[in-house]
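Novice: Below is the file final15.csv, with CSV, N, CA and C atoms.
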```
chain,number,residue,atom,x,y,z
A,1,MET,N,-41.9,-20.9,4.7
A,1,MET,CA,-42.3,-21.0,6.1
A,1,MET,C,-42.5,-22.4,6.5
A,2,SER,N,-41.8,-22.8,7.5
A,2,SER,CA,-41.9,-24.2,8.0
A,2,SER,C,-42.9,-24.3,9.2
A,3,PHE,N,-43.8,-25.2,9.1
A,3,PHE,CA,-44.8,-25.3,10.1
A,3,PHE,C,-44.4,-26.3,11.1
A,4,ARG,N,-44.6,-26.0,12.4
A,4,ARG,CA,-44.2,-26.8,13.5
A,4,ARG,C,-45.3,-27.8,13.9
A,5,VAL,N,-44.8,-29.0,14.2
A,5,VAL,CA,-45.7,-30.1,14.6
A,5,VAL,C,-45.2,-30.6,15.9
A,6,LEU,N,-46.0,-30.6,17.0
A,6,LEU,CA,-45.7,-31.1,18.3
A,6,LEU,C,-46.3,-32.5,18.4
A,7,VAL,N,-45.5,-33.5,18.6
A,7,VAL,CA,-46.0,-34.9,18.7
A,7,VAL,C,-46.0,-35.3,20.2
A,8,SER,N,-47.2,-35.7,20.6
A,8,SER,CA,-47.4,-36.2,22.0
A,8,SER,C,-47.8,-37.6,22.0
A,9,SER,N,-46.9,-38.5,22.1
A,9,SER,CA,-47.2,-39.9,22.2
A,9,SER,C,-46.2,-40.6,23.1
A,10,PRO,N,-46.6,-41.2,24.2
A,10,PRO,CA,-45.7,-41.8,25.1
A,10,PRO,C,-45.2,-43.2,24.6
A,11,VAL,N,-45.6,-43.6,23.5
A,11,VAL,CA,-45.2,-44.9,22.9
A,11,VAL,C,-44.0,-44.6,22.0
A,12,PRO,N,-42.8,-45.0,22.4
A,12,PRO,CA,-41.6,-44.6,21.6
A,12,PRO,C,-41.6,-45.0,20.2
A,13,ALA,N,-42.1,-46.1,19.8
A,13,ALA,CA,-42.2,-46.6,18.4
A,13,ALA,C,-43.1,-45.7,17.6
A,14,VAL,N,-44.2,-45.3,18.2
A,14,VAL,CA,-45.2,-44.5,17.5
A,14,VAL,C,-44.6,-43.1,17.3
A,15,ALA,N,-44.0,-42.5,18.4
A,15,ALA,CA,-43.5,-41.2,18.3
A,15,ALA,C,-42.3,-41.1,17.3
A,16,LYS,N,-41.5,-42.1,17.3
A,16,LYS,CA,-40.3,-42.1,16.4
A,16,LYS,C,-40.8,-42.2,14.9
A,17,SER,N,-41.8,-43.0,14.7
A,17,SER,CA,-42.4,-43.1,13.3
A,17,SER,C,-43.0,-41.8,12.9
A,18,LEU,N,-43.8,-41.2,13.8
A,18,LEU,CA,-44.4,-39.9,13.4
A,18,LEU,C,-43.4,-38.8,13.1
A,19,VAL,N,-42.4,-38.7,14.0
A,19,VAL,CA,-41.3,-37.7,13.8
A,19,VAL,C,-40.6,-38.0,12.4
A,20,LYS,N,-40.3,-39.2,12.1
A,20,LYS,CA,-39.6,-39.5,10.9
A,20,LYS,C,-40.5,-39.2,9.7
A,21,SER,N,-41.8,-39.7,9.7
A,21,SER,CA,-42.7,-39.5,8.6
A,21,SER,C,-43.0,-38.0,8.3
A,22,LEU,N,-43.3,-37.3,9.4
A,22,LEU,CA,-43.6,-35.9,9.2
A,22,LEU,C,-42.4,-35.1,8.8
A,23,GLY,N,-41.2,-35.4,9.3
A,23,GLY,CA,-40.0,-34.8,9.0
A,23,GLY,C,-39.6,-34.9,7.5
A,24,HIS,N,-39.9,-36.1,7.0
A,24,HIS,CA,-39.7,-36.3,5.5
A,24,HIS,C,-40.6,-35.5,4.7
A,25,ASP,N,-41.7,-35.1,5.2
A,25,ASP,CA,-42.7,-34.3,4.4
A,25,ASP,C,-42.5,-32.8,4.6
A,26,GLY,N,-41.4,-32.4,5.3
A,26,GLY,CA,-41.1,-31.0,5.4
A,26,GLY,C,-41.6,-30.3,6.6
A,27,PHE,N,-42.2,-31.0,7.5
A,27,PHE,CA,-42.6,-30.3,8.7
A,27,PHE,C,-41.5,-30.3,9.7
A,28,LYS,N,-41.4,-29.2,10.5
A,28,LYS,CA,-40.5,-29.1,11.6
A,28,LYS,C,-41.2,-29.8,12.8
A,29,VAL,N,-40.6,-30.9,13.2
A,29,VAL,CA,-41.3,-31.8,14.2
A,29,VAL,C,-40.6,-31.7,15.6
A,30,VAL,N,-41.3,-31.5,16.6
A,30,VAL,CA,-40.8,-31.5,18.0
A,30,VAL,C,-41.5,-32.6,18.7
A,31,LEU,N,-40.7,-33.4,19.4
A,31,LEU,CA,-41.3,-34.5,20.2
A,31,LEU,C,-41.5,-33.9,21.6
A,32,MET,N,-42.7,-34.1,22.2
A,32,MET,CA,-43.0,-33.6,23.5
A,32,MET,C,-42.3,-34.3,24.6
A,33,ASP,N,-41.8,-33.6,25.5
A,33,ASP,CA,-41.2,-34.1,26.7
A,33,ASP,C,-42.3,-34.7,27.6
A,34,ALA,N,-42.2,-36.1,27.8
A,34,ALA,CA,-43.3,-36.8,28.5
A,34,ALA,C,-43.4,-36.4,29.9
A,35,SER,N,-42.4,-35.8,30.5
A,35,SER,CA,-42.5,-35.4,31.9
A,35,SER,C,-43.2,-34.1,32.1
A,36,ARG,N,-43.6,-33.4,31.0
A,36,ARG,CA,-44.3,-32.1,31.1
A,36,ARG,C,-45.7,-32.3,30.6
A,37,SER,N,-46.5,-31.3,31.0
A,37,SER,CA,-47.9,-31.4,30.6
A,37,SER,C,-48.0,-31.0,29.1
A,38,VAL,N,-49.1,-31.4,28.4
A,38,VAL,CA,-49.3,-31.0,27.0
A,38,VAL,C,-49.4,-29.5,26.9
A,39,MET,N,-50.1,-28.9,27.9
A,39,MET,CA,-50.3,-27.4,27.8
A,39,MET,C,-49.0,-26.7,27.9
A,40,ASP,N,-48.1,-27.1,28.8
A,40,ASP,CA,-46.8,-26.5,28.9
A,40,ASP,C,-46.0,-26.6,27.7
A,41,CYS,N,-46.0,-27.8,27.1
A,41,CYS,CA,-45.3,-28.0,25.8
A,41,CYS,C,-45.8,-27.2,24.7
A,42,VAL,N,-47.1,-27.1,24.6
A,42,VAL,CA,-47.7,-26.3,23.5
A,42,VAL,C,-47.4,-24.8,23.7
A,43,LEU,N,-47.4,-24.3,25.0
A,43,LEU,CA,-47.1,-22.9,25.2
A,43,LEU,C,-45.6,-22.6,24.9
A,44,ASP,N,-44.7,-23.6,25.2
A,44,ASP,CA,-43.3,-23.4,24.9
A,44,ASP,C,-42.9,-23.6,23.4
A,45,ALA,N,-43.5,-24.6,22.8
A,45,ALA,CA,-43.1,-24.9,21.4
A,45,ALA,C,-43.8,-24.1,20.3
A,46,HIS,N,-45.0,-23.5,20.7
A,46,HIS,CA,-45.8,-22.8,19.7
A,46,HIS,C,-46.0,-23.5,18.4
A,47,PRO,N,-46.5,-24.8,18.5
A,47,PRO,CA,-46.8,-25.5,17.3
A,47,PRO,C,-48.0,-25.0,16.5
A,48,ASP,N,-48.0,-25.3,15.2
A,48,ASP,CA,-49.1,-25.0,14.4
A,48,ASP,C,-50.1,-26.2,14.4
A,49,ILE,N,-49.5,-27.4,14.6
A,49,ILE,CA,-50.3,-28.7,14.7
A,49,ILE,C,-49.8,-29.5,15.9
A,50,LEU,N,-50.8,-30.0,16.6
A,50,LEU,CA,-50.5,-30.9,17.7
A,50,LEU,C,-51.0,-32.3,17.4
A,51,ILE,N,-50.2,-33.3,17.5
A,51,ILE,CA,-50.6,-34.7,17.3
A,51,ILE,C,-50.7,-35.3,18.7
A,52,LEU,N,-51.9,-35.5,19.2
A,52,LEU,CA,-52.1,-35.9,20.6
A,52,LEU,C,-52.7,-37.3,20.7
A,53,ASP,N,-52.0,-38.1,21.4
A,53,ASP,CA,-52.4,-39.5,21.7
A,53,ASP,C,-53.4,-39.4,22.9
A,54,ILE,N,-54.7,-39.4,22.6
A,54,ILE,CA,-55.7,-39.1,23.6
A,54,ILE,C,-56.0,-40.3,24.5
A,55,ASP,N,-55.5,-41.5,24.1
A,55,ASP,CA,-55.7,-42.6,25.0
A,55,ASP,C,-54.7,-42.6,26.2
A,56,ARG,N,-53.6,-41.9,26.0
A,56,ARG,CA,-52.5,-41.9,27.0
A,56,ARG,C,-52.3,-40.5,27.5
A,57,ALA,N,-53.2,-39.6,27.3
A,57,ALA,CA,-53.1,-38.2,27.8
A,57,ALA,C,-53.0,-38.2,29.3
A,58,GLN,N,-52.2,-37.3,29.9
A,58,GLN,CA,-52.1,-37.2,31.3
A,58,GLN,C,-53.4,-36.9,32.0
A,59,ASP,N,-54.2,-36.0,31.4
A,59,ASP,CA,-55.4,-35.6,32.0
A,59,ASP,C,-56.5,-36.1,31.1
A,60,ALA,N,-57.8,-35.9,31.5
A,60,ALA,CA,-58.9,-36.3,30.6
A,60,ALA,C,-58.8,-35.6,29.3
A,61,PRO,N,-58.8,-36.3,28.2
A,61,PRO,CA,-58.6,-35.7,26.9
A,61,PRO,C,-59.5,-34.5,26.6
A,62,GLU,N,-60.8,-34.7,26.9
A,62,GLU,CA,-61.7,-33.6,26.6
A,62,GLU,C,-61.3,-32.3,27.4
A,63,GLN,N,-60.8,-32.4,28.6
A,63,GLN,CA,-60.4,-31.2,29.4
A,63,GLN,C,-59.1,-30.6,28.8
A,64,THR,N,-58.2,-31.5,28.4
A,64,THR,CA,-57.0,-31.0,27.8
A,64,THR,C,-57.2,-30.3,26.5
A,65,ILE,N,-58.0,-30.9,25.6
A,65,ILE,CA,-58.3,-30.3,24.3
A,65,ILE,C,-59.1,-29.0,24.5
A,66,HIS,N,-60.1,-28.9,25.4
A,66,HIS,CA,-60.9,-27.7,25.6
A,66,HIS,C,-60.0,-26.6,26.1
A,67,ALA,N,-59.1,-26.9,27.1
A,67,ALA,CA,-58.1,-25.9,27.6
A,67,ALA,C,-57.2,-25.4,26.5
A,68,LEU,N,-56.7,-26.3,25.7
A,68,LEU,CA,-55.9,-25.9,24.5
A,68,LEU,C,-56.6,-24.9,23.6
A,69,ARG,N,-57.8,-25.2,23.3
A,69,ARG,CA,-58.6,-24.4,22.4
A,69,ARG,C,-58.8,-23.0,22.9
A,70,LYS,N,-58.9,-22.9,24.2
A,70,LYS,CA,-59.0,-21.5,24.8
A,70,LYS,C,-57.8,-20.7,24.7
A,71,VAL,N,-56.6,-21.3,24.9
A,71,VAL,CA,-55.3,-20.5,24.8
A,71,VAL,C,-54.7,-20.5,23.4
A,72,ARG,N,-55.0,-21.4,22.6
A,72,ARG,CA,-54.5,-21.5,21.2
A,72,ARG,C,-55.6,-21.9,20.3
A,73,PRO,N,-56.5,-20.9,20.0
A,73,PRO,CA,-57.7,-21.3,19.2
A,73,PRO,C,-57.4,-21.7,17.8
A,74,HIS,N,-56.2,-21.3,17.2
A,74,HIS,CA,-55.9,-21.7,15.9
A,74,HIS,C,-55.0,-22.9,15.8
A,75,LEU,N,-54.7,-23.5,16.9
A,75,LEU,CA,-54.0,-24.8,16.9
A,75,LEU,C,-54.8,-25.9,16.3
A,76,ARG,N,-54.2,-26.6,15.4
A,76,ARG,CA,-54.8,-27.7,14.7
A,76,ARG,C,-54.4,-29.0,15.5
A,77,ILE,N,-55.4,-29.7,16.1
A,77,ILE,CA,-55.2,-30.8,16.9
A,77,ILE,C,-55.6,-32.1,16.1
A,78,ILE,N,-54.7,-33.0,15.9
A,78,ILE,CA,-55.0,-34.3,15.3
A,78,ILE,C,-54.9,-35.3,16.5
A,79,ALA,N,-56.1,-35.8,16.8
A,79,ALA,CA,-56.2,-36.7,17.9
A,79,ALA,C,-56.0,-38.2,17.4
A,80,LEU,N,-55.2,-38.9,18.1
A,80,LEU,CA,-55.0,-40.3,17.8
A,80,LEU,C,-55.6,-41.2,19.0
A,81,GLY,N,-56.3,-42.2,18.6
A,81,GLY,CA,-56.9,-43.0,19.6
A,81,GLY,C,-57.0,-44.5,19.1
A,82,ALA,N,-57.0,-45.4,20.0
A,82,ALA,CA,-57.2,-46.8,19.7
A,82,ALA,C,-58.7,-47.2,19.5
A,83,ALA,N,-59.5,-46.4,20.1
A,83,ALA,CA,-61.0,-46.7,20.0
A,83,ALA,C,-61.6,-46.1,18.8
A,84,SER,N,-62.8,-46.5,18.5
A,84,SER,CA,-63.5,-45.9,17.4
A,84,SER,C,-63.8,-44.4,17.7
A,85,PRO,N,-64.0,-43.6,16.7
A,85,PRO,CA,-64.4,-42.2,17.0
A,85,PRO,C,-65.6,-42.0,17.9
A,86,ILE,N,-66.5,-42.9,17.8
A,86,ILE,CA,-67.8,-42.8,18.5
A,86,ILE,C,-67.5,-42.9,20.0
A,87,GLU,N,-66.5,-43.6,20.4
A,87,GLU,CA,-66.1,-43.7,21.8
A,87,GLU,C,-65.4,-42.4,22.3
A,88,HIS,N,-65.0,-41.5,21.4
A,88,HIS,CA,-64.4,-40.3,21.8
A,88,HIS,C,-65.3,-39.1,21.2
A,89,ALA,N,-66.6,-39.3,21.2
A,89,ALA,CA,-67.4,-38.3,20.6
A,89,ALA,C,-67.3,-36.9,21.3
A,90,ASP,N,-67.0,-36.9,22.6
A,90,ASP,CA,-66.9,-35.7,23.4
A,90,ASP,C,-65.8,-34.8,22.9
A,91,VAL,N,-64.8,-35.3,22.1
A,91,VAL,CA,-63.7,-34.4,21.6
A,91,VAL,C,-63.8,-34.2,20.1
A,92,LEU,N,-64.6,-34.8,19.4
A,92,LEU,CA,-64.6,-34.7,18.0
A,92,LEU,C,-64.9,-33.3,17.4
A,93,ASP,N,-65.7,-32.6,18.1
A,93,ASP,CA,-66.0,-31.2,17.7
A,93,ASP,C,-64.9,-30.2,17.8
A,94,GLU,N,-63.9,-30.6,18.7
A,94,GLU,CA,-62.8,-29.7,19.0
A,94,GLU,C,-61.5,-30.0,18.4
A,95,VAL,N,-61.5,-31.1,17.6
A,95,VAL,CA,-60.2,-31.5,17.0
A,95,VAL,C,-60.3,-31.4,15.5
A,96,PHE,N,-59.2,-31.1,14.8
A,96,PHE,CA,-59.2,-31.0,13.4
A,96,PHE,C,-59.5,-32.4,12.7
A,97,SER,N,-58.9,-33.4,13.3
A,97,SER,CA,-59.1,-34.8,12.8
A,97,SER,C,-58.9,-35.8,13.9
A,98,TYR,N,-59.6,-36.9,13.8
A,98,TYR,CA,-59.4,-38.0,14.7
A,98,TYR,C,-59.1,-39.2,13.9
A,99,LEU,N,-57.9,-39.8,14.3
A,99,LEU,CA,-57.5,-41.0,13.5
A,99,LEU,C,-57.2,-42.1,14.5
A,100,THR,N,-57.3,-43.4,14.1
A,100,THR,CA,-57.0,-44.5,14.9
A,100,THR,C,-55.5,-44.6,15.0
A,101,GLN,N,-54.9,-45.1,16.0
A,101,GLN,CA,-53.5,-45.2,16.3
A,101,GLN,C,-52.8,-45.6,15.0
A,102,PRO,N,-51.7,-44.9,14.7
A,102,PRO,CA,-50.9,-45.3,13.5
A,102,PRO,C,-50.0,-46.5,13.7
A,103,VAL,N,-50.3,-47.4,12.8
A,103,VAL,CA,-49.4,-48.6,12.8
A,103,VAL,C,-49.2,-48.9,11.3
A,104,GLY,N,-47.9,-48.8,10.9
A,104,GLY,CA,-47.7,-49.1,9.5
A,104,GLY,C,-48.3,-48.1,8.5
A,105,ARG,N,-49.1,-48.6,7.6
A,105,ARG,CA,-49.6,-47.7,6.6
A,105,ARG,C,-50.5,-46.6,7.1
A,106,GLU,N,-51.0,-46.7,8.3
A,106,GLU,CA,-51.9,-45.6,8.8
A,106,GLU,C,-51.1,-44.3,9.1
A,107,LEU,N,-49.7,-44.4,9.1
A,107,LEU,CA,-48.9,-43.2,9.3
A,107,LEU,C,-49.2,-42.3,8.2
A,108,ALA,N,-49.5,-42.8,7.0
A,108,ALA,CA,-49.7,-41.9,5.8
A,108,ALA,C,-51.0,-41.1,6.1
A,109,GLU,N,-52.0,-41.6,6.9
A,109,GLU,CA,-53.1,-40.8,7.2
A,109,GLU,C,-52.8,-39.6,8.1
A,110,VAL,N,-51.9,-39.8,9.0
A,110,VAL,CA,-51.4,-38.8,9.9
A,110,VAL,C,-50.7,-37.7,9.1
A,111,VAL,N,-49.9,-38.0,8.2
A,111,VAL,CA,-49.2,-37.1,7.4
A,111,VAL,C,-50.2,-36.3,6.5
A,112,GLU,N,-51.1,-37.1,6.0
A,112,GLU,CA,-52.2,-36.4,5.1
A,112,GLU,C,-53.0,-35.4,5.9
A,113,ALA,N,-53.4,-35.8,7.2
A,113,ALA,CA,-54.2,-34.9,8.0
A,113,ALA,C,-53.4,-33.7,8.4
A,114,ALA,N,-52.1,-33.8,8.6
A,114,ALA,CA,-51.2,-32.7,8.9
A,114,ALA,C,-51.1,-31.8,7.7
A,115,GLY,N,-51.1,-32.3,6.5
A,115,GLY,CA,-51.1,-31.5,5.3
A,115,GLY,C,-52.4,-30.8,5.1
A,116,ARG,N,-53.5,-31.4,5.4
A,116,ARG,CA,-54.8,-30.7,5.3
A,116,ARG,C,-54.9,-29.6,6.4
A,117,ALA,N,-54.4,-29.8,7.6
A,117,ALA,CA,-54.4,-28.8,8.6
A,117,ALA,C,-53.5,-27.6,8.2
A,118,LEU,N,-52.4,-27.9,7.5
A,118,LEU,CA,-51.5,-26.8,7.0
A,118,LEU,C,-52.2,-26.0,6.0
A,119,GLU,N,-52.9,-26.7,5.0
A,119,GLU,CA,-53.6,-26.0,4.0
A,119,GLU,C,-54.7,-25.1,4.5
A,120,ARG,N,-55.4,-25.6,5.5
A,120,ARG,CA,-56.5,-24.9,6.1
A,120,ARG,C,-56.0,-23.6,6.8
A,121,ARG,N,-54.8,-23.8,7.5
A,121,ARG,CA,-54.2,-22.7,8.2
A,121,ARG,C,-53.8,-21.6,7.2
A,122,LYS,N,-53.2,-22.0,6.1
A,122,LYS,CA,-52.8,-21.1,5.0
A,122,LYS,C,-54.0,-20.3,4.5
A,123,LEU,N,-55.0,-21.0,4.2
A,123,LEU,CA,-56.3,-20.4,3.7
A,123,LEU,C,-56.8,-19.3,4.7
A,124,GLU,N,-56.8,-19.7,6.0
A,124,GLU,CA,-57.3,-18.8,7.0
A,124,GLU,C,-56.4,-17.6,7.1
A,125,GLU,N,-55.1,-17.8,7.1
A,125,GLU,CA,-54.2,-16.6,7.2
A,125,GLU,C,-54.3,-15.7,6.0
A,126,GLY,N,-54.6,-16.3,4.8
A,126,GLY,CA,-54.8,-15.5,3.6
A,126,GLY,C,-56.0,-14.7,3.6
A,127,SER,N,-57.1,-15.2,4.3
A,127,SER,CA,-58.3,-14.5,4.3
A,127,SER,C,-58.3,-13.4,5.4
A,128,LEU,N,-57.3,-13.5,6.3
A,128,LEU,CA,-57.1,-12.5,7.4
A,128,LEU,C,-56.4,-11.2,6.9
A,129,THR,N,-55.6,-11.4,5.8
A,129,THR,CA,-54.8,-10.3,5.3
A,129,THR,C,-55.6,-9.4,4.3
```
Let me see the structure of the file written as structure tokens.

Specialist:
Amino acid sequence: MSFRVLVSSPVPAVAKSLVKSLGHDGFKVVLMDASRSVMDCVLDAHPDILILDIDRAQDAPEQTIHALRKVRPHLRIIALGAASPIEHADVLDEVFSYLTQPVGRELAEVVEAAGRALERRKLEEGSLT
């Protein structure tokens, strides 16, 4: 079973690096259409994991994440931000992981977080059967 990852980053270099790194690790990666809302893309793509650049989100990140949790409660959201996690404390309880913007070696952290999200999802699905 291939798990789908939706990447939402308006920075082309970051998006390209994420798609490449996650693709090499076996994830099916979809790059979000920047002209559409995150919600629309999530509803259309049905991802298991969303990598969301919260510094460049179209709407307030806490509102976007809260709305996503309501319609897709099992969606694993990995939030990327330039600021320290303390500055985004309002979203920390609703995301699977918060990471600083990936540049270079930090990309490995995103891939690792996606792997942890995948493992948690598998465990939860196993406990539901």

Novice: So that I can check the surroundings of Ala82 (chain A), please list as a ChimeraX atom specification every protein, DNA and RNA residue that reaches within 6 Å of it, counting all atoms listed in the file and ignoring chain neighbours fewer than 2 positions away.

Specialist: /A:55,80,84,100-101

Novice: Using atom N of Ala15 (chain A) and atom N of Leu123 (chain A) as the two end points, give the distance in Å to one decimal.

Specialist: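 Atom N of Leu123 (chain A) lies at a distance of 28.0 Å from atom N of Ala15 (chain A).
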
Novice: As an exercise, work out the distance from CA of Arg121 (chain A) to CA of Leu50 (chain A) in Å and give it to one decimal place.

Specialist: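 These two atoms are separated by 13.1 Å.
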
Novice: So which residues touch Ile49 (chain A) within 7 Å, counting all atoms listed in the file, skipping near sequence neighbours fewer than 4 positions away, as a PyMOL selection string?

Specialist: chain A and resi 3-7+75-78

Novice: For a test of reading the model, state the distance in Å between atom C of Val38 (chain A) and atom C of Gly126 (chain A), rounded to one decimal.

Specialist: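 These atoms are spaced 28.4 Å apart.
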
Novice: Env of region 90-99 of chain A: 12 Å cut, atoms = only C-alpha atoms, seq-sep filter 3 positions within chain, self excluded. Answer as a compact mmCIF listing (two decimals) with N, CA and C atoms, keeping the file's coordinate frame.

Specialist:
```
# COMPACT_ATOMS: atom_id res chain seq x y z
N ASP A 48 -48.00 -25.30 15.20
CA ASP A 48 -49.10 -25.00 14.40
C ASP A 48 -50.10 -26.20 14.40
N ILE A 49 -49.50 -27.40 14.60
CA ILE A 49 -50.30 -28.70 14.70
C ILE A 49 -49.80 -29.50 15.90
N LEU A 50 -50.80 -30.00 16.60
CA LEU A 50 -50.50 -30.90 17.70
C LEU A 50 -51.00 -32.30 17.40
N ILE A 51 -50.20 -33.30 17.50
CA ILE A 51 -50.60 -34.70 17.30
C ILE A 51 -50.70 -35.30 18.70
N LEU A 52 -51.90 -35.50 19.20
CA LEU A 52 -52.10 -35.90 20.60
C LEU A 52 -52.70 -37.30 20.70
N ASP A 53 -52.00 -38.10 21.40
CA ASP A 53 -52.40 -39.50 21.70
C ASP A 53 -53.40 -39.40 22.90
N ILE A 54 -54.70 -39.40 22.60
CA ILE A 54 -55.70 -39.10 23.60
C ILE A 54 -56.00 -40.30 24.50
N ASP A 55 -55.50 -41.50 24.10
CA ASP A 55 -55.70 -42.60 25.00
C ASP A 55 -54.70 -42.60 26.20
N ALA A 60 -57.80 -35.90 31.50
CA ALA A 60 -58.90 -36.30 30.60
C ALA A 60 -58.80 -35.60 29.30
N PRO A 61 -58.80 -36.30 28.20
CA PRO A 61 -58.60 -35.70 26.90
C PRO A 61 -59.50 -34.50 26.60
N GLU A 62 -60.80 -34.70 26.90
CA GLU A 62 -61.70 -33.60 26.60
C GLU A 62 -61.30 -32.30 27.40
N GLN A 63 -60.80 -32.40 28.60
CA GLN A 63 -60.40 -31.20 29.40
C GLN A 63 -59.10 -30.60 28.80
N THR A 64 -58.20 -31.50 28.40
CA THR A 64 -57.00 -31.00 27.80
C THR A 64 -57.20 -30.30 26.50
N ILE A 65 -58.00 -30.90 25.60
CA ILE A 65 -58.30 -30.30 24.30
C ILE A 65 -59.10 -29.00 24.50
N HIS A 66 -60.10 -28.90 25.40
CA HIS A 66 -60.90 -27.70 25.60
C HIS A 66 -60.00 -26.60 26.10
N ALA A 67 -59.10 -26.90 27.10
CA ALA A 67 -58.10 -25.90 27.60
C ALA A 67 -57.20 -25.40 26.50
N LEU A 68 -56.70 -26.30 25.70
CA LEU A 68 -55.90 -25.90 24.50
C LEU A 68 -56.60 -24.90 23.60
N ARG A 69 -57.80 -25.20 23.30
CA ARG A 69 -58.60 -24.40 22.40
C ARG A 69 -58.80 -23.00 22.90
N LYS A 70 -58.90 -22.90 24.20
CA LYS A 70 -59.00 -21.50 24.80
C LYS A 70 -57.80 -20.70 24.70
N ARG A 72 -55.00 -21.40 22.60
CA ARG A 72 -54.50 -21.50 21.20
C ARG A 72 -55.60 -21.90 20.30
N PRO A 73 -56.50 -20.90 20.00
CA PRO A 73 -57.70 -21.30 19.20
C PRO A 73 -57.40 -21.70 17.80
N HIS A 74 -56.20 -21.30 17.20
CA HIS A 74 -55.90 -21.70 15.90
C HIS A 74 -55.00 -22.90 15.80
N LEU A 75 -54.70 -23.50 16.90
CA LEU A 75 -54.00 -24.80 16.90
C LEU A 75 -54.80 -25.90 16.30
N ARG A 76 -54.20 -26.60 15.40
CA ARG A 76 -54.80 -27.70 14.70
C ARG A 76 -54.40 -29.00 15.50
N ILE A 77 -55.40 -29.70 16.10
CA ILE A 77 -55.20 -30.80 16.90
C ILE A 77 -55.60 -32.10 16.10
N ILE A 78 -54.70 -33.00 15.90
CA ILE A 78 -55.00 -34.30 15.30
C ILE A 78 -54.90 -35.30 16.50
N ALA A 79 -56.10 -35.80 16.80
CA ALA A 79 -56.20 -36.70 17.90
C ALA A 79 -56.00 -38.20 17.40
N LEU A 80 -55.20 -38.90 18.10
CA LEU A 80 -55.00 -40.30 17.80
C LEU A 80 -55.60 -41.20 19.00
N GLY A 81 -56.30 -42.20 18.60
CA GLY A 81 -56.90 -43.00 19.60
C GLY A 81 -57.00 -44.50 19.10
N ALA A 82 -57.00 -45.40 20.00
CA ALA A 82 -57.20 -46.80 19.70
C ALA A 82 -58.70 -47.20 19.50
N ALA A 83 -59.50 -46.40 20.10
CA ALA A 83 -61.00 -46.70 20.00
C ALA A 83 -61.60 -46.10 18.80
N SER A 84 -62.80 -46.50 18.50
CA SER A 84 -63.50 -45.90 17.40
C SER A 84 -63.80 -44.40 17.70
N PRO A 85 -64.00 -43.60 16.70
CA PRO A 85 -64.40 -42.20 17.00
C PRO A 85 -65.60 -42.00 17.90
N ILE A 86 -66.50 -42.90 17.80
CA ILE A 86 -67.80 -42.80 18.50
C ILE A 86 -67.50 -42.90 20.00
N GLU A 87 -66.50 -43.60 20.40
CA GLU A 87 -66.10 -43.70 21.80
C GLU A 87 -65.40 -42.40 22.30
N PRO A 102 -51.70 -44.90 14.70
CA PRO A 102 -50.90 -45.30 13.50
C PRO A 102 -50.00 -46.50 13.70
N VAL A 103 -50.30 -47.40 12.80
CA VAL A 103 -49.40 -48.60 12.80
C VAL A 103 -49.20 -48.90 11.30
N GLU A 106 -51.00 -46.70 8.30
CA GLU A 106 -51.90 -45.60 8.80
C GLU A 106 -51.10 -44.30 9.10
N LEU A 107 -49.70 -44.40 9.10
CA LEU A 107 -48.90 -43.20 9.30
C LEU A 107 -49.20 -42.30 8.20
N ALA A 108 -49.50 -42.80 7.00
CA ALA A 108 -49.70 -41.90 5.80
C ALA A 108 -51.00 -41.10 6.10
N GLU A 109 -52.00 -41.60 6.90
CA GLU A 109 -53.10 -40.80 7.20
C GLU A 109 -52.80 -39.60 8.10
N VAL A 110 -51.90 -39.80 9.00
CA VAL A 110 -51.40 -38.80 9.90
C VAL A 110 -50.70 -37.70 9.10
N VAL A 111 -49.90 -38.00 8.20
CA VAL A 111 -49.20 -37.10 7.40
C VAL A 111 -50.20 -36.30 6.50
N GLU A 112 -51.10 -37.10 6.00
CA GLU A 112 -52.20 -36.40 5.10
C GLU A 112 -53.00 -35.40 5.90
N ALA A 113 -53.40 -35.80 7.20
CA ALA A 113 -54.20 -34.90 8.00
C ALA A 113 -53.40 -33.70 8.40
N ALA A 114 -52.10 -33.80 8.60
CA ALA A 114 -51.20 -32.70 8.90
C ALA A 114 -51.10 -31.80 7.70
N GLY A 115 -51.10 -32.30 6.50
CA GLY A 115 -51.10 -31.50 5.30
C GLY A 115 -52.40 -30.80 5.10
N ARG A 116 -53.50 -31.40 5.40
CA ARG A 116 -54.80 -30.70 5.30
C ARG A 116 -54.90 -29.60 6.40
N ALA A 117 -54.40 -29.80 7.60
CA ALA A 117 -54.40 -28.80 8.60
C ALA A 117 -53.50 -27.60 8.20
N LEU A 118 -52.40 -27.90 7.50
CA LEU A 118 -51.50 -26.80 7.00
C LEU A 118 -52.20 -26.00 6.00
N ARG A 120 -55.40 -25.60 5.50
CA ARG A 120 -56.50 -24.90 6.10
C ARG A 120 -56.00 -23.60 6.80
N ARG A 121 -54.80 -23.80 7.50
CA ARG A 121 -54.20 -22.70 8.20
C ARG A 121 -53.80 -21.60 7.20
```

Novice: Find the spatial neighbours of Ala34 (chain A), counting all atoms listed in the file, within a cut-off of 8 Å - ignore same-chain residues fewer than 4 positions away - and output them as a PyMOL selection string.

Specialist: chain A and resi 8-10+38
